[in-house]
Amino acid sequence: MTTVQPRPHPGPPPPEFWRGLRVIIFDLDGTLIDSKLDLALAVNATRAQFGLGPLPEERIFSYVGEGAPLLVRRALDHSEDDAQVQLALEFFLRYYREHMLDNTVAYPGVPEALAELAAAGLALTVLTNKPERFSREILRGLGIAEYFKLLYGGNSLERKKPDPIGVETILRETGAAREQALLVGDSKVDIQTARNAGICACGVTYGLGSGQLHEEPPDLLVDNLTELVALIRA
């Protein structure tokens, strides 16, 4: 992990930040897409496969955000049986791939905001702990893949969020400086990622992990991604 000087205190970015912004790094689940029902159904299908009863959806939602392996381990009641977890993970991934677009949709305002941000010349990217292949297929299925220059998933690099390696890789590939980047996410993992990478963080109020944001406050909060368009225009 590269050590950087952390941003001192959360607070609204100044006007010069918006004028110099070049790259926006989006989380996926809970930020761009509402995938919670398909994830919950896949988790409970996995539990059923291993002789376990269903979990409440809200509990499953609280497990999302740190990658499929940890999601499955938590879904198996935090099992320490690594062999069983691996078998369950394989089942979960097969099931989820077949059903990941059954109910998943882009959040309101997302397609419109992406179109405007891309038209403004910003480099739009995705950094998620979801497997890369699934992430790409979902974005294509929802018709919004064309807006993104780069996508890194949970299996793309050596380490997942909140490690800053994903942000650092995106900055290197886009040629942007830390002060020219914004990470947008719904959970404290996203905000921690931004802090670890020394970049500005924007939280969304509607996602799976938005209830955690009081634990790791972002620099600003938005209720809809179209608010970002307005900030940049202003």
# chains A, B, ... in the order shown; residues from 1 in each chain; ligands from 1
>>> residues_around(residues="A:Val189", least_positions_apart="6", cutoff="8 Å", atoms="only C-alpha atoms", output="list in words")
Gly65, Glu66, Lys161 and Pro162 of chain A
>>> select_by_dssp(residues="stretch 15-184 of chain A", states="strand (DSSP E or B)", output="list of chain:residue names")
A:Val23, A:Ile24, A:Ile25, A:Phe26, A:Asp29, A:Ile33, A:Asp34, A:Val105, A:Ala106, A:Ala123, A:Leu124, A:Thr125, A:Val126, A:Leu127, A:Leu150, A:Leu151, A:Tyr152, A:Ala181, A:Leu182, A:Leu183, A:Val184
>>> atom_distance(atom1="atom CA of A:Ile165", atom2="atom CA of A:Pro14")
26.1 Å
>>> atom_distance(atom1="atom CA of A:Leu70", atom2="atom CA of A:Ser210")
19.4 Å
>>> closest_residue(among="A:Asp186, A:His214, A:Leu32, A:Phe92", to="A:Leu139", atoms="only C-alpha atoms")
A:Leu32
